[in-house]
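Q: For reference, the file entry.csv (CSV, C-alpha atoms) is included below:
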```csv
chain,number,residue,atom,x,y,z
A,1,PRO,CA,91.7,-4.9,10.9
A,2,GLY,CA,92.8,-8.4,11.9
A,3,SER,CA,96.4,-7.7,10.9
A,4,GLN,CA,96.4,-4.4,12.7
A,5,ALA,CA,95.1,-6.1,15.9
A,6,ARG,CA,97.9,-8.7,15.7
A,7,GLN,CA,100.4,-5.9,15.3
A,8,VAL,CA,99.1,-4.0,18.3
A,9,LYS,CA,99.2,-7.2,20.4
A,10,LEU,CA,102.7,-7.9,19.2
A,11,LEU,CA,103.8,-4.4,20.1
A,12,ALA,CA,102.2,-4.7,23.5
A,13,VAL,CA,104.2,-7.9,24.1
A,14,CYS,CA,107.4,-6.3,23.0
A,15,LEU,CA,106.8,-3.3,25.3
A,16,CYS,CA,106.3,-5.7,28.2
A,17,VAL,CA,109.5,-7.6,27.4
A,18,VAL,CA,111.4,-4.3,27.1
A,19,GLU,CA,110.0,-3.1,30.4
A,20,SER,CA,110.9,-6.3,32.2
A,21,LEU,CA,114.4,-6.2,30.8
A,22,CYS,CA,114.8,-2.6,32.0
A,23,VAL,CA,113.7,-3.6,35.5
A,24,TRP,CA,116.1,-6.5,35.4
A,25,VAL,CA,119.0,-4.3,34.2
A,26,HIS,CA,118.3,-1.7,36.8
A,27,SER,CA,118.2,-4.3,39.5
A,28,ARG,CA,121.6,-5.8,38.4
A,29,VAL,CA,123.2,-2.4,38.1
A,30,SER,CA,121.9,-1.3,41.5
A,31,SER,CA,123.2,-4.6,43.1
A,32,GLU,CA,126.6,-4.1,41.4
A,33,MET,CA,126.8,-0.5,42.6
A,34,ALA,CA,126.0,-1.6,46.1
A,35,ALA,CA,128.6,-4.3,46.0
A,36,ALA,CA,131.2,-1.8,44.6
A,37,ARG,CA,130.5,0.5,47.6
A,38,GLY,CA,130.6,-2.5,50.0
A,39,THR,CA,127.1,-1.6,51.2
A,40,ARG,CA,124.4,-4.2,51.0
A,41,LEU,CA,121.2,-3.6,52.9
A,42,LEU,CA,117.8,-5.0,53.5
A,43,GLY,CA,114.8,-2.7,54.3
A,44,ALA,CA,111.6,-3.3,56.2
A,45,ILE,CA,108.5,-1.1,56.2
A,46,ASP,CA,106.4,-1.5,59.3
A,47,GLN,CA,103.2,0.5,58.5
A,48,GLY,CA,100.9,0.4,61.5
A,49,THR,CA,97.7,2.1,62.7
A,50,SER,CA,99.5,4.7,64.9
A,51,SER,CA,102.9,4.9,63.3
A,52,THR,CA,105.2,4.1,60.4
A,53,ARG,CA,108.7,2.7,60.8
A,54,PHE,CA,111.4,1.9,58.3
A,55,THR,CA,114.4,-0.2,59.4
A,56,LEU,CA,117.6,-1.0,57.5
A,57,PHE,CA,119.6,-4.2,58.2
A,58,ASP,CA,123.0,-5.4,57.1
A,59,ALA,CA,122.3,-8.0,54.4
A,60,ALA,CA,125.1,-10.3,55.6
A,61,SER,CA,124.9,-10.1,59.4
A,62,LEU,CA,121.2,-9.0,59.6
A,63,ALA,CA,122.3,-6.5,62.3
A,64,MET,CA,120.1,-3.4,62.4
A,65,VAL,CA,121.9,-0.4,60.7
A,66,SER,CA,119.4,2.4,61.2
A,67,SER,CA,115.7,3.0,61.8
A,68,HIS,CA,113.2,5.9,61.6
A,69,GLN,CA,109.7,6.2,62.9
A,70,VAL,CA,106.8,8.7,62.3
A,71,GLU,CA,103.7,8.9,64.4
A,72,LEU,CA,100.3,8.9,62.8
A,73,THR,CA,97.0,10.3,64.0
A,74,SER,CA,93.8,8.6,62.9
A,75,GLU,CA,90.4,10.3,62.3
A,76,HIS,CA,87.1,9.3,63.9
A,77,PRO,CA,84.3,11.2,62.1
A,78,GLN,CA,81.6,9.1,63.8
A,79,SER,CA,81.4,6.7,66.7
A,80,GLY,CA,82.9,3.4,65.7
A,81,TRP,CA,84.5,4.9,62.6
A,82,ALA,CA,88.3,5.0,62.2
A,83,GLU,CA,90.2,6.4,59.2
A,84,LEU,CA,93.6,7.5,58.0
A,85,ASP,CA,94.6,9.7,55.0
A,86,PRO,CA,96.2,7.4,52.4
A,87,ALA,CA,98.5,10.2,51.3
A,88,MET,CA,99.7,10.6,54.9
A,89,ILE,CA,100.4,6.9,55.1
A,90,LEU,CA,102.5,7.0,51.9
A,91,ASP,CA,104.3,10.2,52.8
A,92,SER,CA,105.2,8.8,56.2
A,93,CYS,CA,106.8,5.8,54.5
A,94,VAL,CA,108.8,7.9,52.1
A,95,GLN,CA,110.0,10.2,55.0
A,96,CYS,CA,111.0,7.2,57.1
A,97,MET,CA,113.0,5.6,54.2
A,98,LYS,CA,114.8,8.9,53.5
A,99,GLU,CA,115.7,9.4,57.1
A,100,ALA,CA,116.9,5.8,57.7
A,101,LEU,CA,119.0,6.0,54.6
A,102,ARG,CA,120.5,9.3,55.7
A,103,ALA,CA,121.3,8.0,59.1
A,104,ALA,CA,123.0,4.9,57.5
A,105,LYS,CA,124.9,7.2,55.1
A,106,ALA,CA,123.6,4.9,52.4
A,107,HIS,CA,122.0,5.3,48.9
A,108,LYS,CA,118.7,3.7,47.9
A,109,ASP,CA,120.6,1.5,45.4
A,110,ASP,CA,122.3,-0.1,48.4
A,111,VAL,CA,119.0,-1.7,49.4
A,112,LEU,CA,118.9,-5.1,47.8
A,113,ALA,CA,115.3,-6.1,48.9
A,114,MET,CA,112.5,-4.7,51.0
A,115,GLY,CA,109.6,-6.2,52.8
A,116,ILE,CA,106.3,-4.7,54.1
A,117,THR,CA,104.2,-5.5,57.1
A,118,ASN,CA,101.0,-3.5,57.4
A,119,GLN,CA,98.1,-2.7,59.6
A,120,ARG,CA,95.9,-5.8,59.1
A,121,GLU,CA,92.7,-5.3,57.0
A,122,THR,CA,92.8,-1.5,56.6
A,123,THR,CA,91.3,-0.9,53.2
A,124,ILE,CA,91.9,1.8,50.5
A,125,ALA,CA,90.2,2.3,47.1
A,126,TRP,CA,91.9,4.4,44.4
A,127,ASP,CA,91.9,5.2,40.7
A,128,ARG,CA,94.1,2.9,38.7
A,129,THR,CA,95.0,5.7,36.3
A,130,SER,CA,95.6,8.7,38.5
A,131,GLY,CA,96.5,6.8,41.7
A,132,LYS,CA,94.2,9.2,43.6
A,133,PRO,CA,92.4,7.6,46.6
A,134,PHE,CA,88.6,8.0,46.5
A,135,TYR,CA,88.2,8.0,50.2
A,136,ASN,CA,90.2,7.8,53.4
A,137,ALA,CA,91.6,4.4,54.4
A,138,ILE,CA,89.0,2.6,56.5
A,139,LEU,CA,91.0,1.1,59.4
A,140,TRP,CA,90.8,-2.6,60.4
A,141,ASN,CA,89.1,-1.7,63.7
A,142,ASP,CA,86.4,0.4,62.1
A,143,THR,CA,82.8,-1.0,62.8
A,144,ARG,CA,80.7,1.0,60.3
A,145,THR,CA,79.9,-2.2,58.4
A,146,THR,CA,78.1,-3.9,61.2
A,147,GLU,CA,74.7,-3.5,59.5
A,148,ILE,CA,76.2,-4.8,56.2
A,149,CYS,CA,77.4,-7.9,58.1
A,150,GLN,CA,74.1,-8.4,59.8
A,151,GLN,CA,72.3,-8.2,56.4
A,152,MET,CA,74.7,-10.8,54.9
A,153,ASN,CA,74.2,-13.1,57.9
A,154,ALA,CA,70.4,-12.8,57.7
A,155,GLY,CA,70.5,-14.1,54.1
A,156,SER,CA,71.7,-17.5,55.0
A,157,PRO,CA,70.9,-20.2,57.6
A,158,LYS,CA,74.6,-20.4,58.4
A,159,GLY,CA,74.6,-16.9,59.7
A,160,GLN,CA,78.1,-15.4,60.1
A,161,PHE,CA,79.6,-18.6,58.6
A,162,ARG,CA,77.8,-18.0,55.3
A,163,PHE,CA,81.0,-17.8,53.4
A,164,HIS,CA,83.1,-20.1,55.6
A,165,GLU,CA,83.3,-22.9,52.9
A,166,LEU,CA,84.6,-20.4,50.4
A,167,CYS,CA,87.2,-18.5,52.4
A,168,GLY,CA,87.4,-20.2,55.8
A,169,LEU,CA,86.4,-16.9,57.6
A,170,PRO,CA,83.2,-15.6,59.3
A,171,THR,CA,81.5,-12.4,58.2
A,172,SER,CA,83.1,-9.6,60.1
A,173,THR,CA,83.6,-5.8,60.1
A,174,TYR,CA,87.3,-6.6,60.4
A,175,PHE,CA,87.8,-7.9,56.8
A,176,SER,CA,88.2,-5.7,53.7
A,177,ALA,CA,85.3,-7.1,51.7
A,178,THR,CA,82.6,-5.5,53.8
A,179,LYS,CA,84.6,-2.2,53.8
A,180,MET,CA,84.6,-2.3,50.0
A,181,VAL,CA,80.8,-2.9,50.0
A,182,TRP,CA,80.4,0.2,52.2
A,183,LEU,CA,82.6,2.3,49.9
A,184,ARG,CA,80.6,1.1,46.8
A,185,GLN,CA,77.3,2.0,48.5
A,186,ASN,CA,78.3,5.4,50.1
A,187,VAL,CA,81.1,7.0,47.9
A,188,PRO,CA,79.8,8.1,44.5
A,189,GLU,CA,83.3,8.3,43.1
A,190,VAL,CA,83.9,4.6,43.9
A,191,GLN,CA,80.6,3.5,42.3
A,192,ALA,CA,81.5,5.5,39.1
A,193,ALA,CA,85.0,4.1,39.0
A,194,LEU,CA,83.7,0.5,39.4
A,195,GLU,CA,81.3,1.0,36.5
A,196,HIS,CA,84.2,2.4,34.4
A,197,GLY,CA,86.6,-0.3,35.5
A,198,SER,CA,89.1,2.2,36.9
A,199,CYS,CA,88.7,1.3,40.6
A,200,VAL,CA,91.3,-0.8,42.4
A,201,PHE,CA,91.3,-1.5,46.1
A,202,GLY,CA,93.4,-3.4,48.6
A,203,THR,CA,95.0,-3.3,52.0
A,204,VAL,CA,97.9,-0.9,52.9
A,205,ASP,CA,100.6,-3.2,51.4
A,206,SER,CA,98.9,-3.0,48.0
A,207,TRP,CA,98.6,0.8,48.3
A,208,LEU,CA,102.3,1.1,49.1
A,209,LEU,CA,103.4,-1.3,46.4
A,210,TRP,CA,101.3,0.6,43.8
A,211,ASN,CA,103.0,3.9,44.7
A,212,LEU,CA,106.5,3.0,45.7
```
So, in terms of structure tokens, how does the structure I just supplied come out?
A:
Amino acid sequence: PGSQARQVKLLAVCLCVVESLCVWVHSRVSSEMAAARGTRLLGAIDQGTSSTRFTLFDAASLAMVSSHQVELTSEHPQSGWAELDPAMILDSCVQCMKEALRAAKAHKDDVLAMGITNQRETTIAWDRTSGKPFYNAILWNDTRTTEICQQMNAGSPKGQFRFHELCGLPTSTYFSATKMVWLRQNVPEVQAALEHGSCVFGTVDSWLLWNL
């Protein structure tokens, strides 16, 4: 059994090395292809509350080459609640990237690097295996966790600054931590996934990186 375990670990390490090598080779090939075509671009995703935009820049001059924007509509199931469909967020990014590349008459391999700016503390929880979101994205300006924050504050003489020494921030409905507490308490699928170790969560940049 000990020998088998070592073999499994060795195989896992080898697979990780091979995967990293494949990623590196693909990156080098893509860069060389872009250089051969004379097209070297930088991309930027601007994923906001009301819209998504993707912009391409010339990597040498930093001049804007093309851009595409898609409007988004948030949902408000209750007073103070604000949500977006995570799939819609992802689809809007893909659509913007395709249209910006088409307008630039460029290929995805022409893009050397890409950055993401996203809508603050909007929070998404999803399954690490299937990639399926458990619930809509809870937006940064959603106030459904007001009671959770009040309960946290009441448990310490420091009130809203209970965790200030740990993270430098006050307790607030704005941040992702209380949103995740709400999801754990109110969405059975999230609770089950947490117990099974299959739940991951993060802000929109994490969601996009996971899928793109």
Q: Nearest to Ala192 of chain A among A:Glu83, A:Glu147, A:Asp205, A:Asp127, with distances taken over all atoms listed in the file: which residue is it?
A: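 Result for the nearest residue to Ala192 of chain A: A:Asp127.
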Q: Any idea what's packed within 7 Å of His68 of chain A, counting all atoms listed in the file, ignoring anything in its chain fewer than 6 positions away? Could you give it as a tab-separated table (two decimals) with C-alpha atoms, in the coordinates of the input?
A:
```tsv
chain	number	residue	atom	x	y	z
A	53	ARG	CA	108.70	2.70	60.80
A	54	PHE	CA	111.40	1.90	58.30
A	55	THR	CA	114.40	-0.20	59.40
A	96	CYS	CA	111.00	7.20	57.10
A	99	GLU	CA	115.70	9.40	57.10
A	100	ALA	CA	116.90	5.80	57.70
```
Q: Which residues come within 7 Å of segment 73-75 of chain A, counting all atoms listed in the file, excluding same-chain residues fewer than 5 positions away, as a PyMOL selection string?
A: chain A and resi 50+82-84
Q: May I ask for the distance between atom CA of His76 of chain A and atom CA of Thr117 of chain A, given in Å to one decimal place?
A: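 Going from atom CA of His76 of chain A over to atom CA of Thr117 of chain A, I get 23.6 Å.
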Q: If you count all atoms listed in the file, which residues fall within 8 Å of Ile124 of chain A, apart from same-chain ones fewer than 3 positions away, as a ChimeraX atom specification?
A: /A:86,133,135-138,201-204,207
Q: Quick one: pull the distance between atom CA of Thr52 of chain A and atom CA of Val187 of chain A, Å, one decimal.
A: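 Distance reported for this atom pair: 27.3 Å.
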Q: What separation in Å, quoted to one decimal, exists between atom CA of Leu166 of chain A and atom CA of Ala154 of chain A?
A: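 These two atoms are separated by 17.7 Å.
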Q: Calculated over all atoms listed in the file, which of the candidates A:Lys98, A:Lys132, A:Arg144, A:His164 has the smallest distance to Ser79 of chain A?
A: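 When distances to Ser79 of chain A are compared using all atoms listed in the file, the smallest one comes from A:Arg144.
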Q: Give me, as a list in words, all polymer residues having an atom no more than 7 Å from Cys199 of chain A, counting all atoms listed in the file and skipping those fewer than 3 positions away in the same chain.
A: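 Counting all atoms listed in the file, the residues come to Ala125, Trp126, Asp127, Arg128, Val190, Ala193 and Leu194 of chain A.
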Q: Can I get segment 162-184 of chain A with N, CA, C and O atoms filled in, as an mmCIF file, in the coordinates of the input?
A:
```cif
data_model
loop_
_atom_site.group_PDB
_atom_site.id
_atom_site.type_symbol
_atom_site.label_atom_id
_atom_site.label_comp_id
_atom_site.auth_asym_id
_atom_site.auth_seq_id
_atom_site.Cartn_x
_atom_site.Cartn_y
_atom_site.Cartn_z
ATOM 1 N N ARG A 162 78.330 -17.911 56.679
ATOM 2 C CA ARG A 162 77.800 -18.000 55.300
ATOM 3 C C ARG A 162 78.838 -18.328 54.285
ATOM 4 O O ARG A 162 78.626 -19.123 53.371
ATOM 5 N N PHE A 163 79.971 -17.679 54.399
ATOM 6 C CA PHE A 163 81.000 -17.800 53.400
ATOM 7 C C PHE A 163 82.197 -18.669 53.877
ATOM 8 O O PHE A 163 83.263 -18.666 53.265
ATOM 9 N N HIS A 164 81.987 -19.387 54.954
ATOM 10 C CA HIS A 164 83.100 -20.100 55.600
ATOM 11 C C HIS A 164 83.681 -21.179 54.621
ATOM 12 O O HIS A 164 84.910 -21.379 54.570
ATOM 13 N N GLU A 165 82.817 -21.853 53.858
ATOM 14 C CA GLU A 165 83.300 -22.900 52.900
ATOM 15 C C GLU A 165 84.122 -22.289 51.797
ATOM 16 O O GLU A 165 84.982 -22.968 51.213
ATOM 17 N N LEU A 166 83.862 -21.023 51.468
ATOM 18 C CA LEU A 166 84.600 -20.400 50.400
ATOM 19 C C LEU A 166 85.932 -19.828 50.811
ATOM 20 O O LEU A 166 86.925 -19.943 50.095
ATOM 21 N N CYS A 167 85.960 -19.210 51.990
ATOM 22 C CA CYS A 167 87.200 -18.500 52.400
ATOM 23 C C CYS A 167 87.697 -18.924 53.781
ATOM 24 O O CYS A 167 88.780 -18.464 54.193
ATOM 25 N N GLY A 168 86.924 -19.726 54.509
ATOM 26 C CA GLY A 168 87.400 -20.200 55.800
ATOM 27 C C GLY A 168 87.210 -19.115 56.914
ATOM 28 O O GLY A 168 87.726 -19.282 58.023
ATOM 29 N N LEU A 169 86.486 -18.027 56.613
ATOM 30 C CA LEU A 169 86.400 -16.900 57.600
ATOM 31 C C LEU A 169 84.897 -16.591 57.834
ATOM 32 O O LEU A 169 84.043 -16.772 56.967
ATOM 33 N N PRO A 170 84.604 -16.056 59.009
ATOM 34 C CA PRO A 170 83.200 -15.600 59.300
ATOM 35 C C PRO A 170 83.016 -14.205 58.734
ATOM 36 O O PRO A 170 83.977 -13.484 58.430
ATOM 37 N N THR A 171 81.769 -13.815 58.579
ATOM 38 C CA THR A 171 81.500 -12.400 58.200
ATOM 39 C C THR A 171 81.835 -11.530 59.357
ATOM 40 O O THR A 171 81.470 -11.784 60.503
ATOM 41 N N SER A 172 82.573 -10.462 59.069
ATOM 42 C CA SER A 172 83.100 -9.600 60.100
ATOM 43 C C SER A 172 83.345 -8.195 59.621
ATOM 44 O O SER A 172 83.722 -8.030 58.453
ATOM 45 N N THR A 173 83.205 -7.196 60.485
ATOM 46 C CA THR A 173 83.600 -5.800 60.100
ATOM 47 C C THR A 173 85.079 -5.687 59.946
ATOM 48 O O THR A 173 85.549 -4.708 59.365
ATOM 49 N N TYR A 174 85.823 -6.661 60.420
ATOM 50 C CA TYR A 174 87.300 -6.600 60.400
ATOM 51 C C TYR A 174 87.827 -6.715 58.952
ATOM 52 O O TYR A 174 88.758 -5.993 58.585
ATOM 53 N N PHE A 175 87.227 -7.556 58.136
ATOM 54 C CA PHE A 175 87.800 -7.900 56.800
ATOM 55 C C PHE A 175 87.484 -6.795 55.775
ATOM 56 O O PHE A 175 86.530 -6.034 55.883
ATOM 57 N N SER A 176 88.314 -6.789 54.711
ATOM 58 C CA SER A 176 88.200 -5.700 53.700
ATOM 59 C C SER A 176 87.005 -5.805 52.816
ATOM 60 O O SER A 176 86.562 -4.790 52.280
ATOM 61 N N ALA A 177 86.430 -6.996 52.645
ATOM 62 C CA ALA A 177 85.300 -7.100 51.700
ATOM 63 C C ALA A 177 84.116 -6.269 52.096
ATOM 64 O O ALA A 177 83.545 -5.576 51.242
ATOM 65 N N THR A 178 83.733 -6.290 53.370
ATOM 66 C CA THR A 178 82.600 -5.500 53.800
ATOM 67 C C THR A 178 82.904 -3.987 53.737
ATOM 68 O O THR A 178 82.018 -3.162 53.495
ATOM 69 N N LYS A 179 84.154 -3.646 53.939
ATOM 70 C CA LYS A 179 84.600 -2.200 53.800
ATOM 71 C C LYS A 179 84.396 -1.756 52.383
ATOM 72 O O LYS A 179 83.960 -0.634 52.128
ATOM 73 N N MET A 180 84.735 -2.633 51.429
ATOM 74 C CA MET A 180 84.600 -2.300 50.000
ATOM 75 C C MET A 180 83.110 -2.162 49.648
ATOM 76 O O MET A 180 82.729 -1.307 48.840
ATOM 77 N N VAL A 181 82.262 -3.009 50.236
ATOM 78 C CA VAL A 181 80.800 -2.900 50.000
ATOM 79 C C VAL A 181 80.336 -1.527 50.488
ATOM 80 O O VAL A 181 79.562 -0.848 49.795
ATOM 81 N N TRP A 182 80.791 -1.115 51.655
ATOM 82 C CA TRP A 182 80.400 0.200 52.200
ATOM 83 C C TRP A 182 80.855 1.317 51.262
ATOM 84 O O TRP A 182 80.097 2.257 50.990
ATOM 85 N N LEU A 183 82.076 1.244 50.782
ATOM 86 C CA LEU A 183 82.600 2.300 49.900
ATOM 87 C C LEU A 183 81.764 2.339 48.598
ATOM 88 O O LEU A 183 81.451 3.429 48.103
ATOM 89 N N ARG A 184 81.395 1.178 48.068
ATOM 90 C CA ARG A 184 80.600 1.100 46.800
ATOM 91 C C ARG A 184 79.214 1.773 47.081
ATOM 92 O O ARG A 184 78.685 2.480 46.219
#
```
